[in-house]
file final28.cif (mmCIF, C-alpha atoms and all ligand atoms)
data_data
loop_
_atom_site.label_atom_id
_atom_site.label_comp_id
_atom_site.auth_asym_id
_atom_site.auth_seq_id
_atom_site.Cartn_x
_atom_site.Cartn_y
_atom_site.Cartn_z
CA MET E 153 19.82 0.03 18.84
CA PHE E 154 16.34 1.24 17.91
CA ASP E 155 15.30 4.24 19.97
CA VAL E 156 11.65 5.19 19.47
CA TRP E 157 12.06 8.57 21.17
CA LYS E 158 14.87 9.50 18.82
CA VAL E 159 12.72 8.45 15.86
CA ARG E 160 9.71 10.40 17.14
CA ALA E 161 11.79 13.57 17.17
CA ASP E 162 11.95 13.29 13.36
CA PHE E 163 8.16 13.79 13.09
CA PRO E 164 7.08 17.36 13.90
CA ILE E 165 3.35 16.54 13.78
CA LEU E 166 3.68 14.10 16.69
CA THR E 167 4.40 16.89 19.18
CA GLN E 168 1.01 18.53 18.72
CA LYS E 169 -2.05 18.37 20.92
CA VAL E 170 -5.44 17.33 19.60
CA ASN E 171 -8.53 18.23 21.61
CA GLY E 172 -6.20 19.33 24.37
CA LYS E 173 -4.47 15.92 24.59
CA PRO E 174 -1.14 14.78 23.13
CA LEU E 175 -1.80 13.36 19.68
CA VAL E 176 -1.75 9.57 19.52
CA TYR E 177 -1.68 8.68 15.86
CA PHE E 178 -2.89 5.13 15.25
CA ASP E 179 -4.20 5.57 11.71
CA ASN E 180 -0.96 4.60 10.02
CA ALA E 181 -2.59 2.08 7.70
CA ALA E 182 -4.58 4.97 6.18
CA THR E 183 -1.56 7.23 5.80
CA SER E 184 1.76 7.71 7.54
CA GLN E 185 3.14 10.88 9.05
CA LYS E 186 6.17 12.55 7.43
CA PRO E 187 9.62 13.06 8.92
CA GLN E 188 11.33 16.46 8.77
CA ILE E 189 13.79 15.22 6.14
CA VAL E 190 10.84 14.59 3.78
CA LEU E 191 9.29 17.99 4.53
CA ASP E 192 12.66 19.64 3.86
CA ALA E 193 13.11 17.76 0.59
CA ILE E 194 9.73 19.04 -0.66
CA SER E 195 10.64 22.62 0.07
CA GLN E 196 14.16 22.17 -1.29
CA TYR E 197 12.83 20.90 -4.59
CA TYR E 198 10.65 23.98 -5.09
CA SER E 199 13.19 26.47 -3.81
CA GLU E 200 16.17 25.08 -5.73
CA ILE E 201 15.49 22.94 -8.80
CA ASN E 202 11.83 23.19 -9.80
CA ALA E 203 11.51 22.72 -13.60
CA ASN E 204 9.76 20.37 -15.98
CA ILE E 205 11.62 17.15 -16.69
CA HIS E 206 12.70 15.17 -19.74
CA ARG E 207 12.23 18.21 -22.01
CA GLY E 208 14.44 21.18 -21.38
CA VAL E 209 18.12 21.48 -22.15
CA HIS E 210 18.42 24.14 -19.48
CA LYS E 211 20.21 23.57 -16.20
CA LEU E 212 17.23 23.35 -13.85
CA SER E 213 15.41 20.93 -16.12
CA GLN E 214 18.49 18.75 -16.14
CA LEU E 215 18.80 18.88 -12.36
CA ALA E 216 15.13 18.01 -11.89
CA THR E 217 15.33 15.20 -14.47
CA ASP E 218 18.45 13.77 -12.83
CA ALA E 219 16.87 13.88 -9.37
CA TYR E 220 13.70 12.21 -10.67
CA GLU E 221 15.58 9.44 -12.46
CA GLN E 222 17.93 8.93 -9.50
CA SER E 223 14.87 8.42 -7.34
CA ARG E 224 13.56 5.82 -9.80
CA GLU E 225 16.90 4.03 -9.58
CA LYS E 226 16.82 4.18 -5.78
CA ILE E 227 13.36 2.60 -5.78
CA ARG E 228 14.47 -0.01 -8.32
CA ASN E 229 17.24 -0.97 -5.95
CA HIS E 230 14.90 -0.96 -2.94
CA ILE E 231 12.47 -3.45 -4.48
CA ASN E 232 15.21 -5.27 -6.39
CA ALA E 233 13.67 -4.81 -9.84
CA GLU E 234 15.96 -5.87 -12.65
CA HIS E 235 15.59 -2.66 -14.67
CA ALA E 236 14.79 0.94 -13.71
CA TYR E 237 12.36 1.14 -16.66
CA GLU E 238 10.23 -1.52 -14.98
CA VAL E 239 9.58 0.97 -12.18
CA LEU E 240 6.73 3.32 -13.13
CA PHE E 241 5.81 6.41 -11.17
CA THR E 242 2.07 6.54 -10.47
CA SER E 243 -0.24 8.57 -8.27
CA GLY E 244 -0.67 5.61 -5.91
CA THR E 245 -1.76 2.01 -5.63
CA THR E 246 -5.18 2.78 -7.10
CA HIS E 247 -3.56 4.21 -10.23
CA GLY E 248 -1.37 1.11 -10.52
CA VAL E 249 -4.33 -1.29 -10.37
CA ASN E 250 -6.26 0.73 -12.93
CA LEU E 251 -3.28 0.92 -15.28
CA VAL E 252 -2.88 -2.86 -15.32
CA ALA E 253 -6.63 -3.64 -15.40
CA ASN E 254 -7.06 -1.24 -18.32
CA GLY E 255 -4.17 -2.90 -20.16
CA PHE E 256 -5.70 -6.34 -19.74
CA ALA E 257 -8.80 -5.19 -21.64
CA SER E 258 -6.79 -5.81 -24.80
CA ILE E 259 -5.88 -9.35 -23.68
CA LEU E 260 -9.04 -10.84 -22.14
CA LYS E 261 -11.81 -12.64 -23.98
CA PRO E 262 -15.36 -13.41 -22.76
CA GLY E 263 -15.26 -16.32 -20.32
CA ASP E 264 -11.67 -15.65 -19.19
CA GLU E 265 -11.29 -15.43 -15.44
CA ILE E 266 -9.83 -12.81 -13.12
CA MET E 267 -9.18 -13.83 -9.52
CA VAL E 268 -9.15 -11.50 -6.53
CA SER E 269 -9.35 -12.46 -2.86
CA ALA E 270 -11.94 -12.02 -0.13
CA LEU E 271 -9.39 -9.81 1.68
CA GLU E 272 -9.00 -7.05 -0.91
CA HIS E 273 -9.24 -3.30 -0.58
CA HIS E 274 -11.93 -1.85 -2.88
CA SER E 275 -9.21 -0.50 -5.14
CA ASN E 276 -8.14 -4.06 -5.92
CA ILE E 277 -11.73 -5.16 -6.59
CA VAL E 278 -13.56 -2.42 -8.48
CA PRO E 279 -11.10 -1.93 -11.40
CA TRP E 280 -11.25 -5.70 -12.06
CA GLN E 281 -15.06 -5.64 -11.96
CA MET E 282 -15.00 -2.79 -14.47
CA LEU E 283 -12.66 -4.87 -16.61
CA CYS E 284 -15.11 -7.81 -16.44
CA GLU E 285 -17.89 -5.52 -17.64
CA ARG E 286 -15.78 -4.37 -20.56
CA THR E 287 -14.52 -7.77 -21.65
CA GLY E 288 -17.04 -10.39 -20.53
CA ALA E 289 -14.44 -11.90 -18.19
CA ILE E 290 -15.62 -13.47 -14.93
CA LEU E 291 -14.51 -12.49 -11.42
CA LYS E 292 -13.57 -15.32 -9.04
CA VAL E 293 -12.91 -14.77 -5.35
CA ILE E 294 -10.38 -16.65 -3.19
CA PRO E 295 -12.28 -17.42 0.04
CA MET E 296 -11.17 -16.56 3.58
CA ASN E 297 -11.60 -18.16 7.02
CA LEU E 298 -12.67 -16.76 10.38
CA ASP E 299 -9.07 -15.88 11.33
CA GLY E 300 -9.01 -13.57 8.31
CA GLU E 301 -6.68 -15.80 6.31
CA LEU E 302 -7.04 -16.87 2.70
CA ILE E 303 -8.12 -20.47 2.21
CA ILE E 304 -5.33 -21.71 0.01
CA ASP E 305 -7.00 -24.97 -1.00
CA GLY E 306 -9.88 -22.85 -2.25
CA PHE E 307 -7.47 -20.80 -4.31
CA VAL E 308 -5.84 -23.83 -5.89
CA LYS E 309 -9.27 -25.26 -6.74
CA LEU E 310 -10.34 -22.05 -8.48
CA LEU E 311 -7.25 -21.95 -10.70
CA SER E 312 -7.62 -23.19 -14.26
CA GLU E 313 -6.43 -22.45 -17.76
CA LYS E 314 -9.19 -19.82 -17.86
CA THR E 315 -7.47 -17.81 -15.11
CA LYS E 316 -5.63 -14.94 -16.79
CA ILE E 317 -4.69 -12.78 -13.83
CA VAL E 318 -4.67 -13.17 -10.06
CA ALA E 319 -4.80 -9.89 -8.10
CA VAL E 320 -4.18 -10.16 -4.35
CA ASN E 321 -2.75 -7.99 -1.64
CA HIS E 322 0.49 -8.80 0.08
CA ILE E 323 -0.94 -7.66 3.43
CA SER E 324 -4.57 -6.84 4.27
CA ASN E 325 -5.24 -3.24 5.27
CA ALA E 326 -8.35 -4.12 7.27
CA LEU E 327 -6.99 -7.06 9.29
CA GLY E 328 -3.20 -7.02 8.87
CA THR E 329 -3.07 -10.59 7.54
CA VAL E 330 0.13 -11.40 5.64
CA ASN E 331 -0.81 -13.49 2.62
CA PRO E 332 1.36 -16.34 1.29
CA ILE E 333 1.95 -14.51 -1.96
CA LYS E 334 5.04 -16.43 -2.99
CA PHE E 335 3.02 -19.64 -3.07
CA ILE E 336 0.11 -17.89 -4.81
CA ILE E 337 2.45 -16.50 -7.47
CA GLU E 338 4.05 -19.88 -8.08
CA LYS E 339 0.72 -21.69 -8.41
CA ALA E 340 -0.81 -18.97 -10.60
CA HIS E 341 2.19 -19.13 -12.91
CA GLU E 342 1.87 -22.90 -13.19
CA ALA E 343 -1.68 -22.30 -14.41
CA GLY E 344 -0.41 -19.70 -16.90
CA ALA E 345 -1.89 -16.67 -15.10
CA ALA E 346 -0.18 -13.35 -14.42
CA VAL E 347 -0.06 -12.02 -10.85
CA PHE E 348 -0.71 -8.50 -9.64
CA ILE E 349 0.32 -7.80 -6.03
CA ASP E 350 -1.19 -4.88 -4.13
CA GLY E 351 1.72 -4.06 -1.84
CA ALA E 352 0.24 -0.92 -0.25
CA GLN E 353 0.26 -2.37 3.27
CA ALA E 354 3.45 -4.37 2.86
CA VAL E 355 5.99 -1.70 1.95
CA PRO E 356 5.65 0.15 5.28
CA HIS E 357 6.83 -3.02 7.04
CA LEU E 358 9.17 -4.83 4.68
CA LYS E 359 11.35 -4.55 1.61
CA PRO E 360 9.68 -6.52 -1.18
CA ASP E 361 12.03 -8.34 -3.53
CA VAL E 362 10.09 -8.44 -6.78
CA GLN E 363 12.55 -10.78 -8.50
CA ASP E 364 12.51 -13.26 -5.67
CA LEU E 365 8.69 -13.08 -5.49
CA ASP E 366 8.59 -13.41 -9.28
CA CYS E 367 5.38 -11.33 -9.38
CA ASP E 368 4.38 -9.76 -12.69
CA PHE E 369 3.19 -6.52 -11.09
CA TYR E 370 3.66 -4.96 -7.66
CA ALA E 371 1.98 -1.67 -6.71
CA PHE E 372 2.22 0.61 -3.69
CA SER E 373 1.53 4.15 -2.50
CA GLY E 374 4.09 6.72 -1.37
CA HIS E 375 1.95 8.29 1.32
CA LYS E 376 1.88 5.13 3.44
CA ILE E 377 5.69 5.04 3.62
CA CYS E 378 6.41 8.54 4.87
CA GLY E 379 6.31 10.01 1.35
CA PRO E 380 4.00 12.62 -0.22
CA THR E 381 0.38 11.89 -1.15
CA GLY E 382 -0.29 11.45 -4.85
CA THR E 383 2.83 9.36 -5.37
CA GLY E 384 3.21 5.66 -5.94
CA ILE E 385 5.00 2.96 -7.82
CA LEU E 386 3.92 0.27 -10.19
CA TYR E 387 6.55 -2.35 -10.84
CA GLY E 388 5.90 -4.45 -13.93
CA LYS E 389 7.99 -7.13 -15.58
CA GLU E 390 9.44 -5.84 -18.83
CA GLU E 391 7.65 -8.43 -20.99
CA TRP E 392 4.29 -7.43 -19.51
CA LEU E 393 4.86 -3.71 -19.76
CA GLU E 394 5.84 -4.18 -23.39
CA LYS E 395 2.70 -6.21 -24.03
CA LEU E 396 0.20 -3.86 -22.35
CA PRO E 397 -1.05 -0.79 -24.23
CA PRO E 398 -0.56 2.68 -22.71
CA TYR E 399 -3.08 3.75 -20.09
CA GLN E 400 -3.23 7.46 -20.84
CA GLY E 401 -2.26 9.40 -23.94
CA GLY E 402 -0.51 12.75 -23.91
CA GLY E 403 2.88 14.38 -23.76
CA GLU E 404 5.96 12.46 -22.60
CA MET E 405 4.60 9.07 -23.68
CA ILE E 406 5.08 9.37 -27.45
CA LYS E 407 7.86 8.79 -29.95
CA GLU E 408 6.22 10.53 -32.89
CA VAL E 409 2.82 12.11 -33.36
CA THR E 410 1.08 12.81 -36.65
CA PHE E 411 -2.66 13.02 -37.27
CA GLU E 412 -2.45 9.71 -39.13
CA LYS E 413 -0.57 7.70 -36.52
CA THR E 414 1.25 8.05 -33.24
CA THR E 415 4.02 5.79 -32.06
CA TYR E 416 4.69 5.36 -28.37
CA ALA E 417 7.79 6.00 -26.36
CA GLY E 418 9.68 3.12 -24.79
CA LEU E 419 9.50 2.14 -21.13
CA PRO E 420 8.93 3.68 -18.67
CA HIS E 421 7.68 6.78 -20.55
CA LYS E 422 4.97 4.87 -22.42
CA PHE E 423 3.07 4.73 -19.12
CA GLU E 424 3.95 8.19 -17.81
CA ALA E 425 1.86 10.58 -19.88
CA GLY E 426 1.90 14.25 -18.95
CA THR E 427 3.92 16.19 -16.42
CA PRO E 428 4.28 13.87 -13.45
CA HIS E 429 4.34 14.63 -9.72
CA ILE E 430 8.02 15.54 -10.06
CA GLU E 431 8.63 16.69 -6.51
CA GLY E 432 6.64 13.73 -5.20
CA GLY E 433 8.66 11.21 -7.19
CA ILE E 434 11.93 12.71 -5.99
CA VAL E 435 10.80 12.93 -2.37
CA LEU E 436 9.48 9.36 -2.42
CA GLY E 437 13.14 8.40 -2.83
CA THR E 438 13.98 10.52 0.23
CA ALA E 439 11.24 8.77 2.22
CA ILE E 440 12.55 5.34 1.23
CA ASN E 441 16.06 6.37 2.28
CA TYR E 442 14.65 7.48 5.60
CA LEU E 443 12.90 4.14 6.22
CA ASN E 444 16.09 2.30 5.33
CA SER E 445 17.99 4.46 7.80
CA VAL E 446 15.56 3.41 10.53
CA GLY E 447 16.03 -0.12 9.20
CA PHE E 448 13.36 -2.65 8.27
CA GLU E 449 14.67 -5.21 10.75
CA ASN E 450 14.25 -2.68 13.55
CA ILE E 451 10.83 -1.69 12.24
CA GLN E 452 9.58 -5.29 12.10
CA LYS E 453 10.92 -6.26 15.49
CA TYR E 454 9.56 -3.18 17.22
CA GLU E 455 6.18 -3.28 15.48
CA HIS E 456 5.80 -6.91 16.46
CA GLU E 457 6.38 -5.92 20.10
CA LEU E 458 3.70 -3.24 19.76
CA LEU E 459 1.30 -5.73 18.21
CA GLU E 460 1.74 -8.24 21.02
CA TYR E 461 1.54 -5.58 23.69
CA GLY E 462 -1.53 -3.98 22.13
CA THR E 463 -3.30 -7.29 21.54
CA ASN E 464 -2.84 -8.36 25.18
CA LYS E 465 -3.78 -4.95 26.50
CA LEU E 466 -6.98 -4.68 24.45
CA LEU E 467 -8.04 -8.27 25.12
CA GLU E 468 -8.12 -7.42 28.84
CA ILE E 469 -11.26 -5.42 28.05
CA ASP E 470 -14.47 -7.43 28.54
CA GLY E 471 -16.57 -7.79 25.41
CA LEU E 472 -13.77 -6.66 23.06
CA LYS E 473 -13.35 -8.84 20.00
CA ILE E 474 -10.44 -8.69 17.58
CA PHE E 475 -11.05 -9.40 13.89
CA GLY E 476 -8.03 -10.76 12.07
CA THR E 477 -6.27 -13.34 14.20
CA SER E 478 -3.82 -14.84 11.75
CA LYS E 479 -0.49 -15.85 13.27
CA ASP E 480 1.18 -14.01 10.45
CA LYS E 481 -0.03 -10.42 10.71
CA THR E 482 1.33 -6.90 10.89
CA SER E 483 0.72 -4.29 13.58
CA VAL E 484 -2.97 -3.74 12.84
CA ILE E 485 -5.66 -4.40 15.44
CA SER E 486 -9.22 -4.32 14.14
CA PHE E 487 -11.76 -4.67 16.94
CA ASN E 488 -15.26 -4.04 18.19
CA LEU E 489 -16.88 -3.68 21.59
CA GLU E 490 -19.90 -5.89 22.02
CA GLY E 491 -23.13 -4.01 21.36
CA ILE E 492 -21.40 -0.72 20.51
CA HIS E 493 -21.04 0.81 17.04
CA PRO E 494 -17.39 1.31 16.02
CA TYR E 495 -18.08 4.89 14.98
CA ASP E 496 -19.13 5.79 18.54
CA VAL E 497 -15.89 4.35 19.94
CA GLY E 498 -13.87 6.35 17.42
CA ALA E 499 -15.69 9.56 18.30
CA ILE E 500 -14.80 9.15 21.98
CA THR E 501 -11.17 8.19 21.42
CA ASP E 502 -10.86 11.25 19.15
CA LYS E 503 -11.96 13.48 22.03
CA MET E 504 -8.97 12.06 23.89
CA GLY E 505 -6.55 12.92 21.09
CA ILE E 506 -6.34 9.38 19.74
CA ALA E 507 -6.69 8.88 16.00
CA VAL E 508 -8.04 5.48 14.99
CA ARG E 509 -9.95 4.51 11.90
CA THR E 510 -13.57 3.40 12.15
CA GLY E 511 -15.73 1.91 9.43
CA HIS E 512 -15.27 -0.65 6.68
CA HIS E 513 -11.70 0.39 5.76
CA CYS E 514 -12.49 0.27 2.03
CA ALA E 515 -13.05 -3.47 2.42
CA GLN E 516 -16.80 -3.94 2.71
CA PRO E 517 -16.73 -7.62 1.64
CA ILE E 518 -14.61 -8.43 4.72
CA MET E 519 -17.11 -6.69 7.00
CA ASN E 520 -19.96 -8.56 5.28
CA PHE E 521 -18.08 -11.81 5.84
CA PHE E 522 -17.97 -11.15 9.58
CA GLY E 523 -21.51 -9.74 9.57
CA ILE E 524 -20.47 -6.41 11.11
CA PRO E 525 -20.88 -2.79 9.95
CA GLY E 526 -17.20 -2.08 10.47
CA THR E 527 -14.47 -2.11 13.07
CA VAL E 528 -12.28 0.22 15.06
CA ARG E 529 -8.81 -0.13 13.59
CA ALA E 530 -5.64 0.84 15.41
CA SER E 531 -2.62 0.50 13.14
CA PHE E 532 0.76 0.92 14.81
CA THR E 533 4.01 1.92 13.24
CA PHE E 534 7.61 2.34 14.34
CA TYR E 535 7.07 5.81 15.85
CA ASN E 536 4.29 4.65 18.18
CA THR E 537 4.89 3.72 21.80
CA LYS E 538 3.52 1.35 24.44
CA GLU E 539 2.44 4.40 26.47
CA GLU E 540 0.24 5.40 23.55
CA ILE E 541 -1.28 1.91 23.52
CA ASP E 542 -2.02 2.32 27.24
CA ALA E 543 -3.81 5.57 26.42
CA LEU E 544 -5.85 3.78 23.74
CA ALA E 545 -6.84 0.98 26.09
CA ALA E 546 -7.92 3.52 28.71
CA ALA E 547 -9.93 5.47 26.14
CA VAL E 548 -11.65 2.32 24.87
CA LYS E 549 -12.59 1.37 28.44
CA LYS E 550 -13.97 4.82 28.99
CA ALA E 551 -15.98 4.59 25.76
CA GLN E 552 -17.39 1.28 26.91
CA LEU E 553 -18.53 2.79 30.23
CA MET E 554 -20.10 5.77 28.52
CA LEU E 555 -21.86 3.82 25.77
CA ALA E 556 -22.92 0.66 27.55
C1 LIG U 1 -4.32 2.20 0.86
C2 LIG U 1 -4.54 0.97 0.10
C3 LIG U 1 -4.89 0.99 -1.25
C4 LIG U 1 -5.17 2.25 -1.99
O1 LIG U 1 -4.09 3.12 -1.98
P1 LIG U 1 -4.25 4.62 -2.52
O2 LIG U 1 -3.05 5.28 -1.96
O3 LIG U 1 -5.53 5.15 -1.94
O4 LIG U 1 -4.27 4.55 -4.00
C5 LIG U 1 -5.00 -0.21 -1.90
N1 LIG U 1 -4.80 -1.36 -1.28
C6 LIG U 1 -4.46 -1.44 0.02
C7 LIG U 1 -4.23 -2.77 0.64
C8 LIG U 1 -4.33 -0.27 0.76
O5 LIG U 1 -4.01 -0.34 2.03
#
call {"tool": "encode", "arguments": {"input": "final28.cif", "output": "C-alpha cells", "more": "lines below"}}
Ligand SMILES: *Cc1c(COP(=O)(O)O)cnc(C)c1O
result
Amino acid sequence: MFDVWKVRADFPILTQKVNGKPLVYFDNAATSQKPQIVLDAISQYYSEINANIHRGVHKLSQLATDAYEQSREKIRNHINAEHAYEVLFTSGTTHGVNLVANGFASILKPGDEIMVSALEHHSNIVPWQMLCERTGAILKVIPMNLDGELIIDGFVKLLSEKTKIVAVNHISNALGTVNPIKFIIEKAHEAGAAVFIDGAQAVPHLKPDVQDLDCDFYAFSGHKICGPTGTGILYGKEEWLEKLPPYQGGGEMIKEVTFEKTTYAGLPHKFEAGTPHIEGGIVLGTAINYLNSVGFENIQKYEHELLEYGTNKLLEIDGLKIFGTSKDKTSVISFNLEGIHPYDVGAITDKMGIAVRTGHHCAQPIMNFFGIPGTVRASFTFYNTKEEIDALAAAVKKAQLMLA
C-alpha cells in the first residue's frame, strides 16, 4: 500500500518552514525534491570512489567507471532501450534537444521541414529555429485547441515528404496534457520523418518504453525525477546516433587524434566529450531506483487522486479558471484568478509557505494562444498531500480577497 507519510519522511527538505509556515512544495514540474538516499549517494561518491572515468587503470577509476556504466545499464533497462550505448548521458533535456538539432544540420536541405507543436517548452522550439536559420529548413507547428490538446488532424495535414523531423513533448509542462505520441510517431514514420520526444515531464510519472514507442530520440532531465541537476539522458536509436555527427569535440570522444585527421570513438562515447557529470550520472541511477521502489503504478494512481481533488477544490473558487482541461493530463493545474495577475497570486501564496510557479513556464506560445501573460501553476507529485492542496486553496482565496 502507498503511504504518503512514509514517502515524505524520505525527503528532508519537506520538514522545513518557509516564511514561518510549513513548506508546501507545488513546483515539482520545475524541479523535484531529493530523497535522502540520493543525497547519501552524492556524498558517498565523493567520499569513497571519486576519480575520473574511462581512463585510469587505478582502482578508484575502475570503481567510478563501473558505477557510471552500471547506472547507464540501469537506465537502459528502465526505458527499455535495446542497447546501453543508445543511452547517452547529457546535462539535461535542453542538451539532448541541442545535440540532435545540431546533428540534423548535416542532414537538412533548404526547404526541408521541421515540425514542433504549439505545446512545446522553449527548449524544444529554439534549437529547431536555430537549425532552420542554419539550414534554410522551415518550421511547422502542430496546432492546439482550447482544452490544450494537439489537433491531430492538423498534424496529419502538415506531414509530407518534406518533413524530416517531428519534435514534440510527451507531456506538456505548462498544462499537463499527455500527447498521443505513439500515434504521432507512427504517422511521422509513415511520412519518412524521424521523431524526437521531449520526455522531461513524462518520466516523473511513467516509465517510457522507447522500443514500444518506436521513437528515434527520447530526452529527459535528471533533476525532475529526484536526481541531481545537470544530469539527463538522451536515448537515440543506434542507426540515428551512427548517422549524426558528434556535437562537441574533446577528450573521451575520439579514437585517434592527429593534426591531419581525427577519428571518433564509437557509441556512446562519440557524444560524451570531456569529463562528464560522473557523480550525477551515477546518482541518477539511484534516483531511478528510488522511484521504482515507490512504484510508478502507485505514483500514477495517487497523483491522479491529487489532480481530481485539487481540480475540484480550486474550481470552488469564484472567478478561477483552469488552463489545460484535457481528459488525459498529469497532476498539473495551471490557473488564473479573473482580473488578477498570476505573479501577485504567487507572491501571496509564497508568504504562506506555498511554492507555486507563476509566469509563462518557458512556453510563451501557449500563453499567447490563450491571450494571457501567464498562469499560476501548481504541479503535484507523489509526496504531496490533500492537506497541502487545502492550504493552497485557502491561500488562493486569501489572495483573491486581498487583490480584488
Ligand atoms: C523542464 C523541461 C525542459 C527543459 O529541461 P532542462 O532540465 O531545463 O534542460 C524541456 N521540456 C520540458 C517539457 C520540460 O518540462
call {"tool": "atom_distance", "arguments": {"input": "final28.cif", "atom1": "CA of Ala352 in chain E", "atom2": "CA of Met504 in chain E"}}
result
28.9 Å
call {"tool": "residues_around", "arguments": {"input": "final28.cif", "residues": "Arg160 in chain E", "least_positions_apart": "2", "cutoff": "10 Å", "atoms": "all atoms listed in the file", "output": "ChimeraX atom specification"}}
result
/E:155-158,162-167,187,534-537
call {"tool": "residues_near_point", "arguments": {"input": "final28.cif", "point": "(-9.6, -1.0, -17.3)", "cutoff": "12 Å", "atoms": "all atoms listed in the file", "output": "PyMOL selection string"}}
result
chain E and resi 246-260+276-287+289+396-400
call {"tool": "closest_residue", "arguments": {"input": "final28.cif", "among": "E:Leu472, E:Cys514, E:Ala219, E:Ala425", "to": "ligand LIG 1 (chain U)", "atoms": "all atoms listed in the file"}}
result
E:Cys514
call {"tool": "residues_near_ligand", "arguments": {"input": "final28.cif", "ligand": "ligand LIG 1 (chain U)", "cutoff": "8 Å", "atoms": "all atoms listed in the file", "output": "ChimeraX atom specification"}}
result
/E:181-183,243-248,272-276,321-326,350-353,372-376,381-384
call {"tool": "closest_atom_pairs", "arguments": {"input": "final28.cif", "of": "range 434-484 of chain E", "to": "range 544-554 of chain E", "cutoff": "8 Å", "atoms": "all atoms listed in the file", "output": "tab-separated table"}}
result
residue	atom	partner	partner_atom	distance
E:Lys465	CA	E:Ala545	CA	6.7
E:Leu466	CA	E:Ala545	CA	5.9
E:Ile469	CA	E:Lys549	CA	6.9
call {"tool": "residues_around", "arguments": {"input": "final28.cif", "residues": "Asn464 in chain E", "least_positions_apart": "2", "cutoff": "12 Å", "atoms": "all atoms listed in the file", "output": "ChimeraX atom specification"}}
result
/E:457-462,466-469,472-474,485,538,541-542,545
call {"tool": "closest_residue", "arguments": {"input": "final28.cif", "among": "E:Ala346, E:Ile524, E:Ile227, E:Ala530", "to": "Thr501 in chain E", "atoms": "all atoms listed in the file"}}
result
E:Ala530
call {"tool": "axis_aligned_box", "arguments": {"input": "final28.cif", "around": "range 400-415 of chain E", "padding_each_side": "6 Å", "output": "JSON"}}
result
{"center_x": 2.3, "center_y": 10.1, "center_z": -30.0, "size_x": 23.1, "size_y": 20.6, "size_z": 30.3}
